[in-house]
Every structure is written in structure tokens, then in C-alpha cells.
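Peer 1: Below is the file work.cif, with mmCIF, C-alpha atoms and all ligand atoms.
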```cif
data_entry
#
loop_
_atom_site.group_PDB
_atom_site.id
_atom_site.type_symbol
_atom_site.label_atom_id
_atom_site.label_comp_id
_atom_site.auth_asym_id
_atom_site.auth_seq_id
_atom_site.Cartn_x
_atom_site.Cartn_y
_atom_site.Cartn_z
ATOM 1 C CA LYS A 1046 23.149 2.330 -29.658
ATOM 2 C CA PHE A 1047 22.383 3.618 -26.195
ATOM 3 C CA GLU A 1048 20.314 0.723 -24.847
ATOM 4 C CA GLN A 1049 22.403 -1.484 -22.575
ATOM 5 C CA SER A 1050 22.204 -5.255 -22.604
ATOM 6 C CA ASP A 1051 21.015 -6.629 -19.279
ATOM 7 C CA GLN A 1052 20.786 -10.311 -20.111
ATOM 8 C CA LEU A 1053 21.189 -12.444 -16.997
ATOM 9 C CA LEU A 1054 23.915 -15.114 -17.036
ATOM 10 C CA PRO A 1055 22.967 -18.384 -18.735
ATOM 11 C CA GLN A 1056 22.448 -21.532 -16.674
ATOM 12 C CA CYS A 1057 21.735 -19.603 -13.501
ATOM 13 C CA TRP A 1058 18.517 -19.785 -11.499
ATOM 14 C CA LEU A 1059 16.708 -16.471 -11.773
ATOM 15 C CA VAL A 1060 14.868 -14.791 -8.944
ATOM 16 C CA VAL A 1061 12.577 -11.806 -9.277
ATOM 17 C CA ARG A 1062 11.670 -10.264 -5.927
ATOM 18 C CA VAL A 1063 8.884 -7.720 -5.590
ATOM 19 C CA ASP A 1064 8.608 -5.600 -2.435
ATOM 20 C CA GLY A 1065 5.873 -3.161 -1.445
ATOM 21 C CA ARG A 1066 6.946 0.473 -1.561
ATOM 22 C CA GLY A 1067 6.447 2.205 1.777
ATOM 23 C CA PHE A 1068 4.261 -0.547 3.195
ATOM 24 C CA HIS A 1069 4.913 0.687 6.683
ATOM 25 C CA LYS A 1070 2.716 3.652 5.835
ATOM 26 C CA PHE A 1071 0.407 1.639 3.558
ATOM 27 C CA SER A 1072 -0.348 -0.817 6.383
ATOM 28 C CA GLU A 1073 -1.070 2.052 8.787
ATOM 29 C CA ARG A 1074 -3.343 3.905 6.374
ATOM 30 C CA HIS A 1075 -5.297 0.733 5.604
ATOM 31 C CA GLU A 1076 -5.502 -0.231 9.268
ATOM 32 C CA PHE A 1077 -3.797 -3.597 8.938
ATOM 33 C CA ALA A 1078 -4.003 -5.875 11.943
ATOM 34 C CA LYS A 1079 -0.754 -6.014 13.963
ATOM 35 C CA PRO A 1080 1.563 -7.766 13.630
ATOM 36 C CA ASN A 1081 -0.077 -9.755 10.813
ATOM 37 C CA GLU A 1082 -2.995 -8.887 8.539
ATOM 38 C CA PRO A 1083 -4.393 -12.172 7.184
ATOM 39 C CA ARG A 1084 -6.360 -10.408 4.446
ATOM 40 C CA CYS A 1085 -3.218 -8.793 3.073
ATOM 41 C CA ILE A 1086 -1.400 -12.127 3.118
ATOM 42 C CA ARG A 1087 -4.281 -13.636 1.127
ATOM 43 C CA LEU A 1088 -4.166 -10.742 -1.324
ATOM 44 C CA MET A 1089 -0.393 -11.035 -1.790
ATOM 45 C CA THR A 1090 -0.830 -14.742 -2.511
ATOM 46 C CA LEU A 1091 -3.659 -14.133 -4.988
ATOM 47 C CA ALA A 1092 -1.431 -11.668 -6.828
ATOM 48 C CA ALA A 1093 1.475 -14.163 -6.786
ATOM 49 C CA ARG A 1094 -0.785 -16.916 -8.157
ATOM 50 C CA ARG A 1095 -1.696 -14.641 -11.023
ATOM 51 C CA VAL A 1096 2.005 -14.197 -11.801
ATOM 52 C CA LEU A 1097 2.548 -17.973 -11.773
ATOM 53 C CA MET A 1098 -0.401 -18.409 -14.085
ATOM 54 C CA GLU A 1099 1.006 -15.934 -16.585
ATOM 55 C CA HIS A 1100 4.701 -16.844 -16.461
ATOM 56 C CA ARG A 1101 5.135 -20.575 -16.910
ATOM 57 C CA SER A 1102 8.876 -20.648 -16.390
ATOM 58 C CA ILE A 1103 8.337 -19.829 -12.700
ATOM 59 C CA LEU A 1104 8.760 -22.955 -10.568
ATOM 60 C CA LEU A 1105 7.870 -21.540 -7.212
ATOM 61 C CA ALA A 1106 7.313 -18.350 -5.298
ATOM 62 C CA TYR A 1107 8.029 -17.510 -1.669
ATOM 63 C CA GLY A 1108 6.301 -14.629 0.089
ATOM 64 C CA GLN A 1109 6.349 -12.963 3.489
ATOM 65 C CA SER A 1110 5.462 -9.483 4.774
ATOM 66 C CA ASP A 1111 5.190 -7.171 1.735
ATOM 67 C CA GLU A 1112 7.450 -9.211 -0.549
ATOM 68 C CA TYR A 1113 7.312 -12.173 -2.933
ATOM 69 C CA SER A 1114 10.226 -13.917 -4.656
ATOM 70 C CA PHE A 1115 9.629 -15.745 -7.940
ATOM 71 C CA VAL A 1116 12.096 -18.450 -8.980
ATOM 72 C CA LEU A 1117 12.528 -19.141 -12.701
ATOM 73 C CA HIS A 1118 14.105 -22.293 -14.070
ATOM 74 C CA LYS A 1119 17.792 -21.984 -14.892
ATOM 75 C CA ASP A 1120 17.120 -23.090 -18.473
ATOM 76 C CA THR A 1121 14.481 -20.469 -19.145
ATOM 77 C CA ASN A 1122 14.823 -18.253 -22.126
ATOM 78 C CA ALA A 1123 11.834 -16.117 -21.176
ATOM 79 C CA PHE A 1124 12.217 -12.561 -22.501
ATOM 80 C CA ASN A 1125 15.745 -13.437 -23.523
ATOM 81 C CA ARG A 1126 16.590 -13.440 -19.799
ATOM 82 C CA ARG A 1127 16.604 -9.683 -19.813
ATOM 83 C CA ALA A 1128 16.597 -8.438 -16.197
ATOM 84 C CA SER A 1129 14.595 -5.284 -16.916
ATOM 85 C CA LYS A 1130 11.911 -7.144 -18.902
ATOM 86 C CA LEU A 1131 11.514 -9.851 -16.271
ATOM 87 C CA ALA A 1132 11.459 -7.478 -13.315
ATOM 88 C CA SER A 1133 9.172 -4.898 -14.881
ATOM 89 C CA LEU A 1134 6.660 -7.429 -16.237
ATOM 90 C CA ILE A 1135 6.462 -9.456 -13.035
ATOM 91 C CA GLY A 1136 6.427 -6.316 -10.872
ATOM 92 C CA SER A 1137 3.667 -4.643 -12.846
ATOM 93 C CA LEU A 1138 1.524 -7.775 -13.114
ATOM 94 C CA PHE A 1139 1.899 -8.378 -9.396
ATOM 95 C CA THR A 1140 0.917 -4.783 -8.651
ATOM 96 C CA SER A 1141 -2.106 -4.771 -10.946
ATOM 97 C CA ALA A 1142 -3.281 -8.138 -9.601
ATOM 98 C CA PHE A 1143 -2.919 -6.782 -6.041
ATOM 99 C CA VAL A 1144 -5.157 -3.839 -6.917
ATOM 100 C CA PHE A 1145 -7.513 -5.947 -9.065
ATOM 101 C CA ASN A 1146 -8.200 -8.344 -6.175
ATOM 102 C CA TRP A 1147 -8.236 -5.777 -3.379
ATOM 103 C CA SER A 1148 -12.021 -5.802 -2.958
ATOM 104 C CA ILE A 1149 -12.150 -9.605 -2.661
ATOM 105 C CA CYS A 1150 -9.875 -9.558 0.354
ATOM 106 C CA PHE A 1151 -10.985 -6.211 1.791
ATOM 107 C CA PRO A 1152 -14.698 -6.005 0.849
ATOM 108 C CA ASP A 1153 -15.367 -3.339 3.467
ATOM 109 C CA ARG A 1154 -12.200 -1.252 3.097
ATOM 110 C CA ARG A 1155 -11.507 1.144 0.279
ATOM 111 C CA LEU A 1156 -8.106 1.268 -1.340
ATOM 112 C CA LEU A 1157 -7.005 4.783 -0.408
ATOM 113 C CA TYR A 1158 -4.206 5.250 -2.938
ATOM 114 C CA PRO A 1159 -2.441 3.155 -5.598
ATOM 115 C CA PRO A 1160 0.261 0.913 -4.101
ATOM 116 C CA ALA A 1161 3.546 0.196 -5.883
ATOM 117 C CA PHE A 1162 6.009 -2.695 -5.697
ATOM 118 C CA ASP A 1163 9.655 -2.469 -6.675
ATOM 119 C CA ALA A 1164 11.109 -5.460 -8.513
ATOM 120 C CA ARG A 1165 14.629 -6.717 -9.124
ATOM 121 C CA ALA A 1166 16.037 -9.738 -10.930
ATOM 122 C CA VAL A 1167 19.067 -11.655 -9.647
ATOM 123 C CA ALA A 1168 20.879 -14.730 -11.035
ATOM 124 C CA TYR A 1169 22.036 -17.546 -8.716
ATOM 125 C CA PRO A 1170 24.701 -19.862 -10.114
ATOM 126 C CA SER A 1171 23.726 -23.073 -8.269
ATOM 127 C CA VAL A 1172 20.956 -24.828 -6.390
ATOM 128 C CA ARG A 1173 23.019 -24.221 -3.254
ATOM 129 C CA THR A 1174 23.144 -20.435 -3.697
ATOM 130 C CA LEU A 1175 19.455 -20.365 -4.632
ATOM 131 C CA ARG A 1176 18.588 -22.386 -1.515
ATOM 132 C CA ASP A 1177 20.719 -20.016 0.560
ATOM 133 C CA TYR A 1178 18.732 -17.113 -0.867
ATOM 134 C CA LEU A 1179 15.378 -18.740 -0.017
ATOM 135 C CA SER A 1180 16.656 -19.636 3.472
ATOM 136 C CA TRP A 1181 17.680 -16.018 3.986
ATOM 137 C CA ARG A 1182 14.159 -14.801 3.141
ATOM 138 C CA GLN A 1183 12.536 -17.376 5.459
ATOM 139 C CA ALA A 1184 14.981 -16.559 8.261
ATOM 140 C CA ASP A 1185 14.036 -12.895 7.791
ATOM 141 C CA CYS A 1186 10.365 -13.861 8.097
ATOM 142 C CA HIS A 1187 11.068 -15.742 11.324
ATOM 143 C CA ILE A 1188 13.198 -13.001 12.927
ATOM 144 C CA ASN A 1189 10.736 -10.231 12.053
ATOM 145 C CA ASN A 1190 7.673 -12.196 13.042
ATOM 146 C CA LEU A 1191 9.093 -13.186 16.424
ATOM 147 C CA TYR A 1192 10.131 -9.593 17.090
ATOM 148 C CA ASN A 1193 6.800 -8.157 15.902
ATOM 149 C CA THR A 1194 4.783 -10.692 17.886
ATOM 150 C CA ALA A 1195 6.693 -9.767 21.047
ATOM 151 C CA PHE A 1196 6.599 -6.029 20.273
ATOM 152 C CA TRP A 1197 2.840 -5.864 19.632
ATOM 153 C CA SER A 1198 2.072 -8.089 22.627
ATOM 154 C CA LEU A 1199 3.947 -5.614 24.837
ATOM 155 C CA VAL A 1200 2.136 -2.646 23.271
ATOM 156 C CA LEU A 1201 -1.386 -3.967 22.734
ATOM 157 C CA ARG A 1202 -1.633 -6.275 25.742
ATOM 158 C CA GLY A 1203 1.148 -5.122 28.041
ATOM 159 C CA GLY A 1204 0.221 -1.443 27.846
ATOM 160 C CA LEU A 1205 3.757 -0.307 26.957
ATOM 161 C CA SER A 1206 4.434 2.582 24.610
ATOM 162 C CA ALA A 1207 6.223 1.817 21.346
ATOM 163 C CA ASN A 1208 9.451 3.249 22.789
ATOM 164 C CA GLN A 1209 9.163 1.235 25.987
ATOM 165 C CA ALA A 1210 8.508 -1.959 24.029
ATOM 166 C CA GLN A 1211 11.515 -1.260 21.838
ATOM 167 C CA GLU A 1212 13.687 -0.709 24.932
ATOM 168 C CA ARG A 1213 12.370 -3.885 26.529
ATOM 169 C CA LEU A 1214 13.335 -5.937 23.464
ATOM 170 C CA LYS A 1215 16.707 -4.314 22.859
ATOM 171 C CA GLY A 1216 19.491 -6.917 22.876
ATOM 172 C CA THR A 1217 17.161 -9.858 23.502
ATOM 173 C CA LEU A 1218 17.822 -13.198 21.800
ATOM 174 C CA ALA A 1219 15.175 -15.436 20.240
ATOM 175 C CA ALA A 1220 15.018 -17.523 23.421
ATOM 176 C CA ASP A 1221 14.392 -14.371 25.512
ATOM 177 C CA LYS A 1222 11.491 -13.338 23.279
ATOM 178 C CA ASN A 1223 10.000 -16.828 23.402
ATOM 179 C CA GLU A 1224 10.278 -16.752 27.181
ATOM 180 C CA LEU A 1225 8.773 -13.271 27.441
ATOM 181 C CA LEU A 1226 5.812 -14.247 25.222
ATOM 182 C CA PHE A 1227 5.192 -17.360 27.278
ATOM 183 C CA SER A 1228 5.649 -16.019 30.794
ATOM 184 C CA GLN A 1229 3.986 -12.635 30.293
ATOM 185 C CA PHE A 1230 1.278 -13.399 27.746
ATOM 186 C CA GLY A 1231 0.852 -17.197 27.820
ATOM 187 C CA ILE A 1232 1.801 -17.358 24.133
ATOM 188 C CA ASN A 1233 3.712 -20.415 22.947
ATOM 189 C CA TYR A 1234 5.365 -18.971 19.874
ATOM 190 C CA ASN A 1235 5.604 -22.403 18.256
ATOM 191 C CA ASN A 1236 1.810 -22.594 18.274
ATOM 192 C CA GLU A 1237 1.422 -19.349 16.338
ATOM 193 C CA PRO A 1238 -0.024 -19.956 12.838
ATOM 194 C CA GLU A 1239 2.525 -21.380 10.403
ATOM 195 C CA VAL A 1240 1.542 -18.860 7.754
ATOM 196 C CA TYR A 1241 3.008 -16.145 10.006
ATOM 197 C CA ARG A 1242 6.064 -18.078 11.187
ATOM 198 C CA LYS A 1243 7.044 -19.686 7.882
ATOM 199 C CA GLY A 1244 5.623 -17.406 5.188
ATOM 200 C CA SER A 1245 3.954 -18.716 2.030
ATOM 201 C CA LEU A 1246 5.360 -21.045 -0.585
ATOM 202 C CA LEU A 1247 3.587 -21.512 -3.917
ATOM 203 C CA VAL A 1248 4.881 -24.479 -5.892
ATOM 204 C CA ARG A 1249 3.846 -25.778 -9.300
ATOM 205 C CA ALA A 1250 1.632 -28.704 -8.331
ATOM 206 C CA SER A 1251 3.074 -30.824 -11.153
ATOM 207 C CA LEU A 1252 6.515 -30.724 -9.470
ATOM 208 C CA LEU A 1253 5.405 -32.011 -6.075
ATOM 209 C CA ASP A 1254 6.041 -35.607 -5.038
ATOM 210 C CA SER A 1255 5.327 -35.751 -1.322
ATOM 211 C CA GLN A 1256 1.841 -35.668 0.117
ATOM 212 C CA VAL A 1257 1.437 -32.101 1.221
ATOM 213 C CA ASP A 1258 -1.321 -30.341 3.072
ATOM 214 C CA ALA A 1259 -2.253 -27.713 0.570
ATOM 215 C CA VAL A 1260 -4.026 -24.680 1.908
ATOM 216 C CA ALA A 1261 -7.403 -23.991 0.307
ATOM 217 C CA GLU A 1262 -8.108 -20.494 -0.940
ATOM 218 C CA GLU A 1263 -10.813 -18.659 -2.757
ATOM 219 C CA ALA A 1264 -10.444 -17.930 -6.464
ATOM 220 C CA SER A 1265 -9.456 -14.557 -7.747
ATOM 221 C CA VAL A 1266 -11.781 -12.402 -9.820
ATOM 222 C CA GLY A 1267 -11.060 -12.859 -13.498
ATOM 223 C CA ASP A 1268 -9.028 -16.048 -13.055
ATOM 224 C CA ASN A 1269 -9.681 -18.079 -16.164
ATOM 225 C CA VAL A 1270 -13.193 -16.730 -16.497
ATOM 226 C CA PRO A 1271 -13.633 -16.252 -20.219
ATOM 227 C CA ASP A 1272 -16.045 -13.694 -21.591
ATOM 228 C CA VAL A 1273 -18.106 -15.986 -23.807
ATOM 229 C CA GLY A 1274 -20.421 -13.218 -25.048
ATOM 230 C CA GLU A 1275 -22.625 -14.488 -27.869
ATOM 231 C CA ALA A 1276 -20.639 -17.710 -28.397
ATOM 232 C CA SER A 1277 -22.379 -20.917 -29.526
ATOM 233 C CA VAL A 1278 -22.640 -24.007 -27.296
ATOM 234 C CA GLU A 1279 -19.714 -25.649 -29.162
ATOM 235 C CA GLU A 1280 -17.580 -22.567 -28.836
ATOM 236 C CA VAL A 1281 -18.338 -22.317 -25.128
ATOM 237 C CA SER A 1282 -17.340 -25.924 -24.456
ATOM 238 C CA GLU A 1283 -14.183 -25.431 -26.494
ATOM 239 C CA ILE A 1284 -13.304 -22.387 -24.384
ATOM 240 C CA ALA A 1285 -14.114 -24.351 -21.209
ATOM 241 C CA ALA A 1286 -11.765 -27.161 -22.290
ATOM 242 C CA LYS A 1287 -8.969 -24.688 -22.955
ATOM 243 C CA VAL A 1288 -9.517 -23.066 -19.582
ATOM 244 C CA ALA A 1289 -9.443 -26.452 -17.824
ATOM 245 C CA LYS A 1290 -6.150 -27.297 -19.572
ATOM 246 C CA ALA A 1291 -4.618 -23.947 -18.686
ATOM 247 C CA GLU A 1292 -5.743 -24.376 -15.089
ATOM 248 C CA ALA A 1293 -4.216 -27.843 -14.794
ATOM 249 C CA GLU A 1294 -0.923 -26.649 -16.254
ATOM 250 C CA SER A 1295 -0.714 -23.578 -14.109
ATOM 251 C CA ALA A 1296 -1.961 -25.139 -10.864
ATOM 252 C CA SER A 1297 0.126 -24.180 -7.884
ATOM 253 C CA THR A 1298 -0.026 -25.458 -4.334
ATOM 254 C CA LEU A 1299 0.167 -23.193 -1.298
ATOM 255 C CA LEU A 1300 2.274 -24.380 1.636
ATOM 256 C CA HIS A 1301 3.450 -22.882 4.924
ATOM 257 C CA ILE A 1302 6.482 -25.036 5.667
ATOM 258 C CA ASP A 1303 10.166 -24.993 6.521
ATOM 259 C CA ILE A 1304 12.257 -24.395 3.389
ATOM 260 C CA ILE A 1305 15.565 -23.960 5.244
ATOM 261 C CA LYS A 1306 15.997 -27.621 6.189
ATOM 262 C CA ASP A 1307 16.619 -30.271 3.511
ATOM 263 C CA LYS A 1308 13.439 -32.282 4.176
ATOM 264 C CA PHE A 1309 11.039 -30.558 1.772
ATOM 265 C CA TRP A 1310 13.607 -30.413 -1.043
ATOM 266 C CA THR A 1311 14.724 -34.038 -0.762
ATOM 267 C CA GLU A 1312 11.108 -35.222 -0.603
ATOM 268 C CA ASN A 1313 10.335 -33.220 -3.748
ATOM 269 C CA PRO A 1314 13.495 -33.631 -5.818
ATOM 270 C CA ARG A 1315 11.950 -32.481 -9.088
ATOM 271 C CA ILE A 1316 11.583 -28.852 -7.959
ATOM 272 C CA LEU A 1317 15.307 -28.141 -7.604
ATOM 273 C CA PRO A 1318 17.086 -31.294 -8.784
ATOM 274 C CA LEU A 1319 19.904 -32.019 -6.363
ATOM 275 C CA ASP A 1320 22.252 -33.201 -9.089
ATOM 276 C CA SER A 1321 21.874 -29.994 -11.074
ATOM 277 C CA GLN A 1322 24.073 -27.030 -10.407
HETATM 278 P P1 LIG B 1401 10.374 0.095 1.450
HETATM 279 O O1 LIG B 1401 10.143 -1.352 1.078
HETATM 280 O O2 LIG B 1401 11.839 0.391 1.606
HETATM 281 O O3 LIG B 1401 9.682 1.036 0.545
HETATM 282 O O4 LIG B 1401 9.756 0.324 2.927
HETATM 283 P P2 LIG B 1401 8.557 -0.434 3.669
HETATM 284 O O5 LIG B 1401 7.859 0.582 4.529
HETATM 285 O O6 LIG B 1401 7.722 -1.208 2.707
HETATM 286 O O7 LIG B 1401 9.339 -1.420 4.632
HETATM 287 P P3 LIG B 1401 9.749 -2.958 4.452
HETATM 288 O O8 LIG B 1401 9.509 -3.455 3.070
HETATM 289 O O9 LIG B 1401 11.120 -3.119 4.994
HETATM 290 O O10 LIG B 1401 8.823 -3.704 5.477
HETATM 291 C C1 LIG B 1401 7.471 -3.943 5.244
HETATM 292 C C2 LIG B 1401 6.615 -3.205 6.255
HETATM 293 O O11 LIG B 1401 5.254 -3.428 5.912
HETATM 294 C C3 LIG B 1401 6.741 -3.730 7.681
HETATM 295 O O12 LIG B 1401 7.768 -3.098 8.352
HETATM 296 C C4 LIG B 1401 5.393 -3.403 8.261
HETATM 297 O O13 LIG B 1401 5.392 -2.066 8.734
HETATM 298 C C5 LIG B 1401 4.462 -3.470 7.067
HETATM 299 N N1 LIG B 1401 3.676 -4.725 7.045
HETATM 300 C C6 LIG B 1401 3.860 -5.795 6.223
HETATM 301 N N2 LIG B 1401 2.953 -6.753 6.492
HETATM 302 C C7 LIG B 1401 2.173 -6.296 7.482
HETATM 303 C C8 LIG B 1401 1.046 -6.832 8.208
HETATM 304 O O14 LIG B 1401 0.574 -7.955 7.959
HETATM 305 N N3 LIG B 1401 0.503 -6.056 9.187
HETATM 306 C C9 LIG B 1401 0.997 -4.826 9.466
HETATM 307 N N4 LIG B 1401 0.423 -4.111 10.456
HETATM 308 N N5 LIG B 1401 2.045 -4.276 8.817
HETATM 309 C C10 LIG B 1401 2.628 -4.999 7.844
HETATM 310 MG MG MG B 1402 8.487 -2.724 1.452
#
```
Would you kindly transcribe this structure into C-alpha cells?
Peer 2:
Amino acid sequence: KFEQSDQLLPQCWLVVRVDGRGFHKFSERHEFAKPNEPRCIRLMTLAARRVLMEHRSILLAYGQSDEYSFVLHKDTNAFNRRASKLASLIGSLFTSAFVFNWSICFPDRRLLYPPAFDARAVAYPSVRTLRDYLSWRQADCHINNLYNTAFWSLVLRGGLSANQAQERLKGTLAADKNELLFSQFGINYNNEPEVYRKGSLLVRASLLDSQVDAVAEEASVGDNVPDVGEASVEEVSEIAAKVAKAEAESASTLLHIDIIKDKFWTENPRILPLDSQ
């Protein structure tokens, strides 16, 4: 037997992270806005929603830049917890949904070549280590977005070359970049859109307790739209009922909030129960 077992440890929270391959080039070729392309963020979130719809053991997903992390319940037995199955299925569904929905988000821009996303599965032994992981991804979002906002302000508005902007920012702390943005460009970084500063969190709506300001989005092509063909009236209403049930069960809420601090997690204790490991 040559096939190796790659079952992830039991009773650990599982995370599958997908990350765009060579998105530096992909964003250039597709003329993404700098530093943030809202249409790509929308597309990434549509693709992530599709993954949540398909894989019910996912509790939440967190996305920023060209990546999305999917968190599966520690008790899940999906695909026998095999790392390769989980990563390849989620990675390929995410990729195909990204391509499938491209024209919704970029109606006037052709997809120039097929994008790819790598995917890996990791097990976290406790809520604490899982929260540390999510905090790390949101901190990464913050650090990169502050840097990119300052960098592109210097280049696009300050007239600096890329090298000059890089030199100008070398060794600066967060406070220095905030100050530079404010004094030179009148930008209060804290007023920048939350979607850029905090990234995107998709949570199973059924697990939320606090009143949250969900972000409205358009639907994705093919989402729960059954091909009813020549079906009778009864058959159609039966299909519609099934679709409504599937939609309710799979509903996820989009948020752009702080997930590093305790507030969100203590207000919504059913997502990652504090008493569980
Ligand atoms: P690999 O993941 O190692 O294959 O390389 P990568 O080129 O994808 O780099 P990485 O994943 O580290 O970073 C993502 C890159 O995507 C960023 O460095 C940006 O160049 C680009 N990117 C992501 N989101 C946006 C966006 O909204 N606008 C623009 N202009 N670029 C973006
Ligand atoms: Mg990448």
C-alpha cells in the first residue's frame, strides 16, 4: 500500500486556507485598482459563500487579499478528516466558483487566463490556538493594508516612483504611516472602509447571537437556481421548497469587524464555545 494516511488529528479545529497563485501578476494583468479592488473582494466572497453552501461543517470563513480561510468544526468527520481531500475539494470548488462568477463582478473585463489557488489544511488543538490563527490573518490584513494605502498614496498622489515610496516607508511604524497619510494626503486611516482594514468574515447565520450589521450582496449565478425543465407545477413547488430549506440552512452573514479582540466572540458564544477546547 503506497497511499499515505493524512487524517487530521481528532478533536482539533480544522482550517483550510486557499491563496491565489501569483496574484501579484494576476492583479496587474487584470488591472486591479490599487491598493484594493472592490470587485475582486466581492468575487472572492461569492466564491467563499459557494464553499460554505457546499460544505456544511464549515462554521465561518475569513478572507483578505487573495486568501480565504475556512474553519471546520472540531467534531467534523467530513471526508474522514483527510487533509488532501479537504484541501483539494475546497480549493477546487473555490477556484471554479471564482471563475464561474467572474463576469458578474467584472462584466466589462475578460478573464485573461485561468487563475489557480493553492490550499492547505491545518489542525488547531484549541479555541485559543484557532483564535490566534484568525488574529494572525487579520493582523496581516491590517499591516499590509496600512502599508499599501501609504505606498499607493505616495505613488499615485505624491508622484513618487515605486522605489522612492519604498525608501520613504522603510523602517516606519504604524503611527508614522498614519501620520504620513494624514499630514500629506488628508487621509484618516481609521475612516478607510472597514472591508479593507478588517477583511471579510462569513459566519453561519444560525450561529450568530448579537445584532450585526450584515453587508448586503448580490446573488451568484447558479446559486440554488434549479433547472426545472419540463417539471409540473407540483414538482416545481417541491423543488422551490427544497431550495428555500437549503438556503436557510446554508445562510451566511458577511461582516467586516474586529476578530482579534474578545468582543465579537463573547457576544456570539455559539460560534466557538468558550468552554470547549
Ligand atoms: P503566491 O501566493 O506565493 O503565489 O504569490 P502572490 O503573488 O499571490 O502573492 P501573495 O499571495 O503574497 O499576495 C497577494 C498579492 O495579490 C498582493 O501582493 C497584491 O500584489 C495582489 N493583490 C491582492 N489583492 C489585491 C487588490 O485588491 N488590488 C491589487 N492591485 N492587488 C491585489
Ligand atoms: Mg497569493
Peer 1: Starting from the PyMOL selection byres (((chain A and resi 1100-1114) around 7) and not hetatm), expand the selection into actual residues of this file and give them as a CSV table (one decimal) with C-alpha atoms, in the frame of the given file.
Peer 2:
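Final file, result05.csv:
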```
chain,number,residue,atom,x,y,z
A,1060,VAL,CA,14.9,-14.8,-8.9
A,1061,VAL,CA,12.6,-11.8,-9.3
A,1062,ARG,CA,11.7,-10.3,-5.9
A,1063,VAL,CA,8.9,-7.7,-5.6
A,1064,ASP,CA,8.6,-5.6,-2.4
A,1065,GLY,CA,5.9,-3.2,-1.4
A,1068,PHE,CA,4.3,-0.5,3.2
A,1096,VAL,CA,2.0,-14.2,-11.8
A,1097,LEU,CA,2.5,-18.0,-11.8
A,1098,MET,CA,-0.4,-18.4,-14.1
A,1099,GLU,CA,1.0,-15.9,-16.6
A,1115,PHE,CA,9.6,-15.7,-7.9
A,1116,VAL,CA,12.1,-18.4,-9.0
A,1117,LEU,CA,12.5,-19.1,-12.7
A,1118,HIS,CA,14.1,-22.3,-14.1
A,1121,THR,CA,14.5,-20.5,-19.1
A,1186,CYS,CA,10.4,-13.9,8.1
A,1244,GLY,CA,5.6,-17.4,5.2
A,1245,SER,CA,4.0,-18.7,2.0
A,1246,LEU,CA,5.4,-21.0,-0.6
A,1247,LEU,CA,3.6,-21.5,-3.9
A,1248,VAL,CA,4.9,-24.5,-5.9
A,1249,ARG,CA,3.8,-25.8,-9.3
```
Peer 1: Which protein, DNA or RNA residues have an atom within 9 Å of ligand LIG 1401 (chain B), counting all atoms listed in the file, as a VMD selection string?
Peer 2: chain A and resid 1064 to 1073 1075 to 1086 1109 to 1112 1161 to 1163 1189 1241
Peer 1: If you count all atoms listed in the file, which residues fall within 8 Å of Ala1142 in chain A, apart from same-chain ones fewer than 6 positions away, as a list in words?
Peer 2: Leu1091, Ala1092 and Arg1095 of chain A
Peer 1: By how many Å are CA of Arg1176 in chain A and CA of Arg1315 in chain A apart?
Peer 2: 14.3 Å
Peer 1: Separation of CA of Lys1306 in chain A and CA of Ala1184 in chain A, in Å?
Peer 2: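 So the two atoms, CA of Lys1306 in chain A and CA of Ala1184 in chain A, lie 11.3 Å apart.
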Peer 1: Which residue, A:Gln1049, A:Ala1164, A:Cys1150, A:Phe1139, has the smallest gap to ligand MG 1402 (chain B) when you use all atoms listed in the file?
Peer 2: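 Distance minimum relative to ligand MG 1402 (chain B) lands on A:Ala1164.
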Peer 1: Go through A:Ala1123, A:Leu1054, A:Ile1305, A:Ser1251 one by one, measure the shortest atom-to-atom distance of each to Ile1135 in chain A using all atoms listed in the file, and give the residue with the smallest value.
Peer 2: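 For Ile1135 in chain A, the nearest of the given residues is A:Ala1123.
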